[in-house]
Amino acid sequence: MNPYEVLGIGVDADDVSVRNAYLDLVRRYPPERHPEKFKQITEAYARLKDKKSRLEYYLFNRETPYRSPFEVLISYFSEADERRPPNFEEIKEYLRRCATQ
Amino acid sequence: MQARKYRQARDYLKELYKRDKEKYLPDLIAAHEGLALQMINEGRFSDAKQVVDHLTKLGATGKKDWLEFIVSFKQGDFVKAACTALRLLDEDDNRTESGEKLLMYDSLVLSFEPLDIAKISKQSSTLSEANQVQAALRLVCEDKYEEAMACLRAISLSSPFSHWKLFVKGLIAFYKMEEQKARKAFSKLPDQSIPAKAAEPYLLLLDGPEGLKKYEKRADVLGLACWVADRKDLESVLPRAEYLWRVGRFRDSYAHVRRNMGGFPSEDQGIIQALSDFYLNAVFQMKERDAYRYIDFLDKMVARGRTDGIEKLMILRTIGLWLELTGADDPIVLSVWKDFLRWHSEVYGEDRDLQALVCVHLGDLFSREVPGDAPFFPLPGRARSRRPVVYNERLAQYCYESCLEIDPTNKQAHFSLLGLYEKTGQKSKINKKLDEIIELFPEDKNTLYKAGLRCMDRRAFIKGMKYLERAAKLDLLDMRVREAFIVCCIKAALEYAKRSKVERYRALLSKALEYGESDSDDFNLGHAYLYARWANFELLNNNVTDAEQLLDKASELARYELRFLYFTFLAGRLYEVPSKYMSSIEKRVKKEFSGRASPEKAMAFADVISYFQRALRTIPKWFKEEQRRVNRYIRKTAKGEFSQEQARVFVEYALQNRDEDLAWSCINKALEQNPDDPYFLFVRFQLEVGSFYGFVDEEELEELKRILSLAERQRDQELISRIRKTIQEIEEMACVGEIFDNHDEELDEEEEDLDEAVDIFVENLLREANKKRPRKQRKKRNNSSGATQLNLFD
């Protein structure tokens, strides 16, 4: 996943906001309880910690963790911190669509 | 009718019905029913509705109601479907199949509205359960999960709505991020039921890329998954883009997304940015032919002026990076990046940091080392140039200098340019650049350290000491810098000692002691060994009393007497101390070598002689004889008993001295004692496989991974990193193999035959070379580690 998304910051974030976001996340996801997430956060921080790293990522990153366009959506969805259910009208419409398809 | 040609049957029966209504009515109704069912199966619901209306006119009952229900249901008129379903359920005489009944119950939930018929229906309890499901769904949508569960409590396992209960439970777990629970609930739903269909997109999202494999051909599920993921805007784009990508139509997939997704491509945050990143970085994962076509497609879009703004910028970046990988002509790579920088300035305004970074990147690209033009079959005895060949020195220099024009204090560019001068051996430029760097960054430890090492190379020891002392003061904990300073002091002191400038070398050695460590066993940093050197310098100047006092002091500090004795002896000989002062120590050393071999002594000898081997640039004749003496001693020791730790020292020593027999004998003995010792298993692997990893098969790779896990259990960090590096190199070689395999597919048979013959020939050549390769590699590694250790005796 894009390191900006991992840290939950905008592409225009400066050093201080990157560090603050990193520290917040590390507090939320300590390595002993969330080893994978912690690793992901640390890697994201290493890529964005200063302006030079951010520029290097912007210019020379050749990686993509996805194999197809739909995996992007799946990844975004699974990485989200919370899920909000749709409103009642929407779920009605959804179920009816499932029934008629 | 038997041939299921209901339309024709209906037309004939209509004629017959006109002649004898009573006789032909049942058949006419049956033909209508068959036709309606056929139309429903074909998805022609409005046609089916007309047929059902005819059935009503004919006064048909029974199956007609079911057909009416299914038409209403499929047309999305769930209120009407639910009313019909209630009527059918009221009249149910057990003729209805269970699947049909399930659909009728589903229609009661899906109606979501009060039904007029409800008041007179016999299905009050059924209706009440359907209402409970609806209420639970509403509560889920309001984030009231506990209340929703409470609503479902009245629905029992035997209820016709039990699958809806399961679905709602799955929904609750899904939105509460309880993925296992959600997956369990959704996967239990009966096939073909509406909740099972509705659960498919949820399961797809829960199962991630694995789930995608199952549903990748189901555009309907992919579309609904966009809906569930709260990205309704992607519903009309992503399923088709996915399909095109899966079938290898990468360019069409990009074009489809570009055409239908507003804001694509984007560099801002969010899913569109992630998709943009995917579409522009995926080329680096494609097979060569696909990648070439994809790049060509992107390039044409730019060339034809079909892109602007961010898209052009992103495409230029991708093309630049791709050209670098494929070894395109340097001016082309340079021009693409220049275009990128120009366009970046137009889109975002001037960014000097970014420009400088691109210049340094290109400088690094052009200054990379490449193999020299060695003949395919090197002639024996023909020396190769030691200096690396730089790929494109002129362009590399141009790029670094361009960077310094943009940002004159760009540290990375200065250092890279310095590195380039070092690679190309331009000594005067190196010195000039170092002076310039020190002026610009007087407080930069690494600059000072590098400058100090350069001065040492040039034998400008006093200047080197100045830089290194400044560097050491900036970070007293950096042992690398302190060691370099001490080495510089010793080298300078040796020069003075040889010229009998007693006060000078004494002052320098006192300085070295300040940066050394009193209790260290390190041959450079330890005070014992510094005093031993000092004593030798005094002997060089015939100051015997001072030398004896210093040796006494050194001897008190040395923890391992034999190690200290042998070091002092070898150092004395290398510093060319007059033999009259060496005879006594020589006798003591000789005595230590005689008698029964002991592993402890062998370790000390190996340790000391290895240090001198690393530190010497040229090995004197007498030292070779000394090496043979130690080899003989260690071989004698290896015949007896020794510990694993001692075996490790002997093996390292044997490898350093290219003595594979000694290495094997120690490895075998150590593995007899502990067959799972990761160090010896790894060294055995290296000796067996050699350093040409192209021949490592899967079984051997698995064995290496097992050794890694053993090392991890022992937490031997150095060994772990060595094994990991080896695994990485083997895997990289395997990737290269795959690339060749892919090329092979494209060759015709004739070329394959020729290739096979060449392969066998080259393989044999490499196998021969491979037998000797580990030695070469080890020698190289040791030499490089020796570089920091210092060439103290030349």
# chains A, B, ... in the order shown; residues from 1 in each chain; ligands from 1
>>> residues_around(residues="Gln8 of chain B", least_positions_apart="6", cutoff="10 Å", atoms="only C-alpha atoms", output="list in words")
Met1, Lys14, Ala31 and Leu35 of chain B
>>> closest_atom_pairs(of="chain A", to="chain B", cutoff="9 Å", atoms="only C-alpha atoms", output="tab-separated table")
residue	atom	partner	partner_atom	distance
A:Met1	CA	B:Ala274	CA	8.1
A:Asn2	CA	B:Ala274	CA	7.0
A:Tyr4	CA	B:Gln269	CA	7.5
A:Glu5	CA	B:Gln269	CA	7.4
A:Ile9	CA	B:Gln269	CA	8.4
A:Gly10	CA	B:Gln269	CA	6.2
A:Val11	CA	B:Gln269	CA	6.5
A:Lys51	CA	B:Asp353	CA	8.7
A:Lys52	CA	B:Asp353	CA	7.8
A:Leu55	CA	B:Leu354	CA	6.5
A:Glu56	CA	B:Leu357	CA	7.5
A:Leu59	CA	B:Arg317	CA	6.9
A:Phe60	CA	B:Leu321	CA	7.1
A:Asn61	CA	B:Asn281	CA	8.1
A:Arg62	CA	B:Asn281	CA	5.5
A:Glu63	CA	B:Asn281	CA	6.1
A:Thr64	CA	B:Phe278	CA	5.7
A:Pro65	CA	B:Phe278	CA	8.1
A:Tyr66	CA	B:Phe278	CA	6.8
A:Arg67	CA	B:Ala282	CA	7.7
A:Ser68	CA	B:Glu242	CA	6.5
A:Pro69	CA	B:Glu242	CA	5.7
A:Phe70	CA	B:Glu242	CA	5.9
A:Glu71	CA	B:Pro209	CA	6.2
A:Val72	CA	B:Leu275	CA	6.4
A:Leu73	CA	B:Ile271	CA	7.1
A:Ile74	CA	B:Leu205	CA	5.8
A:Ser75	CA	B:Gly208	CA	7.2
A:Tyr76	CA	B:Ile271	CA	7.1
A:Phe77	CA	B:Ala229	CA	6.2
A:Ser78	CA	B:Leu205	CA	7.3
A:Asp81	CA	B:Met177	CA	8.7
A:Glu82	CA	B:Met177	CA	7.2
A:Arg83	CA	B:Tyr175	CA	5.3
A:Arg84	CA	B:Tyr175	CA	6.4
A:Pro85	CA	B:Cys141	CA	5.4
A:Pro86	CA	B:Cys141	CA	5.8
A:Asn87	CA	B:Cys141	CA	5.1
A:Phe88	CA	B:Arg138	CA	5.5
A:Glu89	CA	B:Arg138	CA	8.9
A:Ile91	CA	B:Cys141	CA	7.8
A:Lys92	CA	B:Leu110	CA	7.3
A:Tyr94	CA	B:Ala198	CA	7.8
A:Leu95	CA	B:Ala198	CA	6.3
A:Arg96	CA	B:Leu110	CA	6.6
A:Arg97	CA	B:Gly76	CA	8.2
A:Cys98	CA	B:Ala198	CA	5.6
A:Ala99	CA	B:Ile194	CA	5.7
A:Thr100	CA	B:Lys74	CA	5.1
A:Gln101	CA	B:Asp220	CA	7.9
>>> residues_around(residues="Phe642 of chain B", least_positions_apart="5", cutoff="9 Å", atoms="only C-alpha atoms", output="ChimeraX atom specification")
/B:598-600,637,647,669-670
>>> select_by_dssp(residues="chain A", states="alpha helix (DSSP H)", output="compact mmCIF listing (two decimals) with C-alpha atoms, in the first residue's frame")
# COMPACT_ATOMS: atom_id res chain seq x y z
CA PRO A 3 3.11 4.79 2.31
CA TYR A 4 1.05 8.00 2.46
CA GLU A 5 -2.06 5.90 2.93
CA VAL A 6 -0.35 3.74 5.52
CA LEU A 7 0.56 6.80 7.58
CA ASP A 15 8.63 16.27 8.17
CA VAL A 16 6.82 17.09 11.39
CA SER A 17 3.45 15.78 10.29
CA VAL A 18 5.04 12.61 8.91
CA ARG A 19 6.80 12.01 12.22
CA ASN A 20 3.69 12.77 14.26
CA ALA A 21 1.61 10.41 12.16
CA TYR A 22 4.27 7.73 12.51
CA LEU A 23 4.47 8.08 16.29
CA ASP A 24 0.69 8.03 16.62
CA LEU A 25 0.45 4.84 14.63
CA VAL A 26 3.32 3.17 16.46
CA ARG A 27 1.53 3.89 19.73
CA ARG A 28 -1.66 2.42 18.30
CA PRO A 35 3.97 -7.09 14.16
CA GLU A 36 2.83 -6.93 10.52
CA LYS A 37 1.15 -3.57 10.81
CA PHE A 38 4.12 -2.20 12.73
CA LYS A 39 6.48 -3.34 9.99
CA GLN A 40 4.29 -1.70 7.38
CA ILE A 41 4.22 1.56 9.35
CA THR A 42 7.98 1.56 9.87
CA GLU A 43 8.63 0.90 6.21
CA ALA A 44 6.25 3.67 5.21
CA TYR A 45 7.97 6.06 7.60
CA ALA A 46 11.40 5.18 6.24
CA ARG A 47 10.15 6.11 2.78
CA LEU A 48 8.70 9.45 3.79
CA LYS A 51 11.86 15.66 1.98
CA LYS A 52 14.60 13.79 0.17
CA SER A 53 13.05 10.40 0.92
CA ARG A 54 9.65 11.66 -0.17
CA LEU A 55 11.04 12.98 -3.42
CA GLU A 56 12.92 9.76 -4.02
CA TYR A 57 9.74 7.80 -3.51
CA TYR A 58 7.84 10.11 -5.83
CA LEU A 59 10.47 9.96 -8.55
CA PHE A 60 11.92 6.50 -8.50
CA PRO A 69 -6.78 -3.01 -10.86
CA PHE A 70 -9.36 -4.66 -8.63
CA GLU A 71 -6.72 -5.58 -6.08
CA VAL A 72 -6.26 -1.86 -5.51
CA LEU A 73 -9.87 -1.59 -4.36
CA ILE A 74 -9.61 -4.72 -2.23
CA SER A 75 -6.43 -3.48 -0.60
CA TYR A 76 -7.92 -0.09 0.12
CA PHE A 77 -10.95 -1.65 1.62
CA SER A 78 -9.10 -4.17 3.77
CA GLU A 79 -6.67 -1.56 5.09
CA PHE A 88 -31.28 1.66 4.84
CA GLU A 89 -32.41 2.82 1.40
CA GLU A 90 -29.08 1.79 -0.05
CA ILE A 91 -29.17 -1.69 1.44
CA LYS A 92 -32.74 -2.14 0.20
CA GLU A 93 -31.61 -1.21 -3.28
CA TYR A 94 -28.57 -3.48 -2.97
CA LEU A 95 -30.59 -6.53 -1.93
CA ARG A 96 -33.17 -5.95 -4.61
CA ARG A 97 -30.44 -5.71 -7.21
CA CYS A 98 -28.97 -8.98 -6.00
CA ALA A 99 -32.42 -10.56 -6.34
CA THR A 100 -33.08 -9.41 -9.88
>>> residues_around(residues="segment 489-493 of chain B", least_positions_apart="2", cutoff="6 Å", atoms="only C-alpha atoms", output="list in words")
Phe461, Ile486, Val487, Glu495, Tyr496, Ala497, Tyr505 and Leu508 of chain B
>>> atom_distance(atom1="atom CA of Arg684 of chain B", atom2="atom CA of Leu671 of chain B")
9.7 Å
>>> atom_distance(atom1="atom CA of Leu574 of chain B", atom2="atom CA of Tyr449 of chain B")
26.9 Å
>>> atom_distance(atom1="atom CA of Asp659 of chain B", atom2="atom CA of Gln644 of chain B")
18.6 Å
>>> decode(residues="segment 64-92 of chain A", atoms="N, CA and C atoms", output="PDB file, in the first residue's frame")
ATOM      1  N   THR A  64       4.669  -1.808  -7.286  1.00  0.00           N
ATOM      2  CA  THR A  64       3.241  -1.759  -7.015  1.00  0.00           C
ATOM      3  C   THR A  64       2.882  -3.081  -6.345  1.00  0.00           C
ATOM      4  N   PRO A  65       2.189  -3.010  -5.243  1.00  0.00           N
ATOM      5  CA  PRO A  65       1.894  -4.261  -4.554  1.00  0.00           C
ATOM      6  C   PRO A  65       0.740  -5.035  -5.201  1.00  0.00           C
ATOM      7  N   TYR A  66       0.156  -4.452  -6.229  1.00  0.00           N
ATOM      8  CA  TYR A  66      -1.056  -5.059  -6.811  1.00  0.00           C
ATOM      9  C   TYR A  66      -0.758  -5.783  -8.115  1.00  0.00           C
ATOM     10  N   ARG A  67      -1.608  -6.790  -8.399  1.00  0.00           N
ATOM     11  CA  ARG A  67      -1.432  -7.521  -9.658  1.00  0.00           C
ATOM     12  C   ARG A  67      -2.509  -7.182 -10.680  1.00  0.00           C
ATOM     13  N   SER A  68      -3.565  -6.538 -10.212  1.00  0.00           N
ATOM     14  CA  SER A  68      -4.632  -6.152 -11.149  1.00  0.00           C
ATOM     15  C   SER A  68      -5.366  -4.952 -10.551  1.00  0.00           C
ATOM     16  N   PRO A  69      -6.135  -4.226 -11.370  1.00  0.00           N
ATOM     17  CA  PRO A  69      -6.782  -3.013 -10.855  1.00  0.00           C
ATOM     18  C   PRO A  69      -7.709  -3.272  -9.669  1.00  0.00           C
ATOM     19  N   PHE A  70      -8.393  -4.422  -9.712  1.00  0.00           N
ATOM     20  CA  PHE A  70      -9.363  -4.664  -8.635  1.00  0.00           C
ATOM     21  C   PHE A  70      -8.670  -4.892  -7.286  1.00  0.00           C
ATOM     22  N   GLU A  71      -7.449  -5.387  -7.345  1.00  0.00           N
ATOM     23  CA  GLU A  71      -6.718  -5.584  -6.083  1.00  0.00           C
ATOM     24  C   GLU A  71      -6.485  -4.260  -5.358  1.00  0.00           C
ATOM     25  N   VAL A  72      -6.434  -3.182  -6.131  1.00  0.00           N
ATOM     26  CA  VAL A  72      -6.259  -1.858  -5.515  1.00  0.00           C
ATOM     27  C   VAL A  72      -7.458  -1.581  -4.602  1.00  0.00           C
ATOM     28  N   LEU A  73      -8.643  -1.830  -5.146  1.00  0.00           N
ATOM     29  CA  LEU A  73      -9.866  -1.592  -4.364  1.00  0.00           C
ATOM     30  C   LEU A  73      -9.885  -2.496  -3.128  1.00  0.00           C
ATOM     31  N   ILE A  74      -9.575  -3.760  -3.348  1.00  0.00           N
ATOM     32  CA  ILE A  74      -9.609  -4.719  -2.232  1.00  0.00           C
ATOM     33  C   ILE A  74      -8.633  -4.286  -1.141  1.00  0.00           C
ATOM     34  N   SER A  75      -7.441  -3.891  -1.573  1.00  0.00           N
ATOM     35  CA  SER A  75      -6.428  -3.481  -0.600  1.00  0.00           C
ATOM     36  C   SER A  75      -6.890  -2.252   0.180  1.00  0.00           C
ATOM     37  N   TYR A  76      -7.435  -1.296  -0.552  1.00  0.00           N
ATOM     38  CA  TYR A  76      -7.921  -0.086   0.122  1.00  0.00           C
ATOM     39  C   TYR A  76      -8.977  -0.412   1.144  1.00  0.00           C
ATOM     40  N   PHE A  77      -9.854  -1.309   0.727  1.00  0.00           N
ATOM     41  CA  PHE A  77     -10.951  -1.654   1.616  1.00  0.00           C
ATOM     42  C   PHE A  77     -10.435  -2.389   2.853  1.00  0.00           C
ATOM     43  N   SER A  78      -9.538  -3.365   2.625  1.00  0.00           N
ATOM     44  CA  SER A  78      -9.102  -4.169   3.775  1.00  0.00           C
ATOM     45  C   SER A  78      -8.199  -3.387   4.726  1.00  0.00           C
ATOM     46  N   GLU A  79      -7.561  -2.339   4.222  1.00  0.00           N
ATOM     47  CA  GLU A  79      -6.671  -1.560   5.088  1.00  0.00           C
ATOM     48  C   GLU A  79      -7.419  -0.488   5.886  1.00  0.00           C
ATOM     49  N   ALA A  80      -8.683  -0.281   5.530  1.00  0.00           N
ATOM     50  CA  ALA A  80      -9.432   0.780   6.217  1.00  0.00           C
ATOM     51  C   ALA A  80      -9.564   0.448   7.704  1.00  0.00           C
ATOM     52  N   ASP A  81      -9.494   1.486   8.522  1.00  0.00           N
ATOM     53  CA  ASP A  81      -9.571   1.283   9.974  1.00  0.00           C
ATOM     54  C   ASP A  81     -10.974   0.914  10.434  1.00  0.00           C
ATOM     55  N   GLU A  82     -11.959   1.435   9.717  1.00  0.00           N
ATOM     56  CA  GLU A  82     -13.339   1.120  10.114  1.00  0.00           C
ATOM     57  C   GLU A  82     -14.205   0.975   8.871  1.00  0.00           C
ATOM     58  N   ARG A  83     -15.352   0.320   9.079  1.00  0.00           N
ATOM     59  CA  ARG A  83     -16.286   0.153   7.971  1.00  0.00           C
ATOM     60  C   ARG A  83     -17.629   0.718   8.392  1.00  0.00           C
ATOM     61  N   ARG A  84     -18.196   1.502   7.505  1.00  0.00           N
ATOM     62  CA  ARG A  84     -19.493   2.078   7.849  1.00  0.00           C
ATOM     63  C   ARG A  84     -20.560   1.430   6.991  1.00  0.00           C
ATOM     64  N   PRO A  85     -21.626   0.938   7.627  1.00  0.00           N
ATOM     65  CA  PRO A  85     -22.683   0.315   6.820  1.00  0.00           C
ATOM     66  C   PRO A  85     -23.406   1.363   5.973  1.00  0.00           C
ATOM     67  N   PRO A  86     -24.043   0.922   4.890  1.00  0.00           N
ATOM     68  CA  PRO A  86     -24.787   1.878   4.059  1.00  0.00           C
ATOM     69  C   PRO A  86     -26.070   2.299   4.770  1.00  0.00           C
ATOM     70  N   ASN A  87     -26.761   3.312   4.232  1.00  0.00           N
ATOM     71  CA  ASN A  87     -28.049   3.635   4.860  1.00  0.00           C
ATOM     72  C   ASN A  87     -29.119   2.635   4.402  1.00  0.00           C
ATOM     73  N   PHE A  88     -30.269   2.702   5.049  1.00  0.00           N
ATOM     74  CA  PHE A  88     -31.281   1.661   4.840  1.00  0.00           C
ATOM     75  C   PHE A  88     -31.773   1.617   3.390  1.00  0.00           C
ATOM     76  N   GLU A  89     -31.945   2.783   2.789  1.00  0.00           N
ATOM     77  CA  GLU A  89     -32.413   2.821   1.396  1.00  0.00           C
ATOM     78  C   GLU A  89     -31.403   2.132   0.483  1.00  0.00           C
ATOM     79  N   GLU A  90     -30.137   2.379   0.791  1.00  0.00           N
ATOM     80  CA  GLU A  90     -29.084   1.786  -0.053  1.00  0.00           C
ATOM     81  C   GLU A  90     -29.069   0.260   0.071  1.00  0.00           C
ATOM     82  N   ILE A  91     -29.229  -0.228   1.294  1.00  0.00           N
ATOM     83  CA  ILE A  91     -29.167  -1.689   1.444  1.00  0.00           C
ATOM     84  C   ILE A  91     -30.397  -2.340   0.808  1.00  0.00           C
ATOM     85  N   LYS A  92     -31.531  -1.632   0.874  1.00  0.00           N
ATOM     86  CA  LYS A  92     -32.738  -2.139   0.198  1.00  0.00           C
ATOM     87  C   LYS A  92     -32.468  -2.287  -1.290  1.00  0.00           C
TER      88      LYS A  92
END
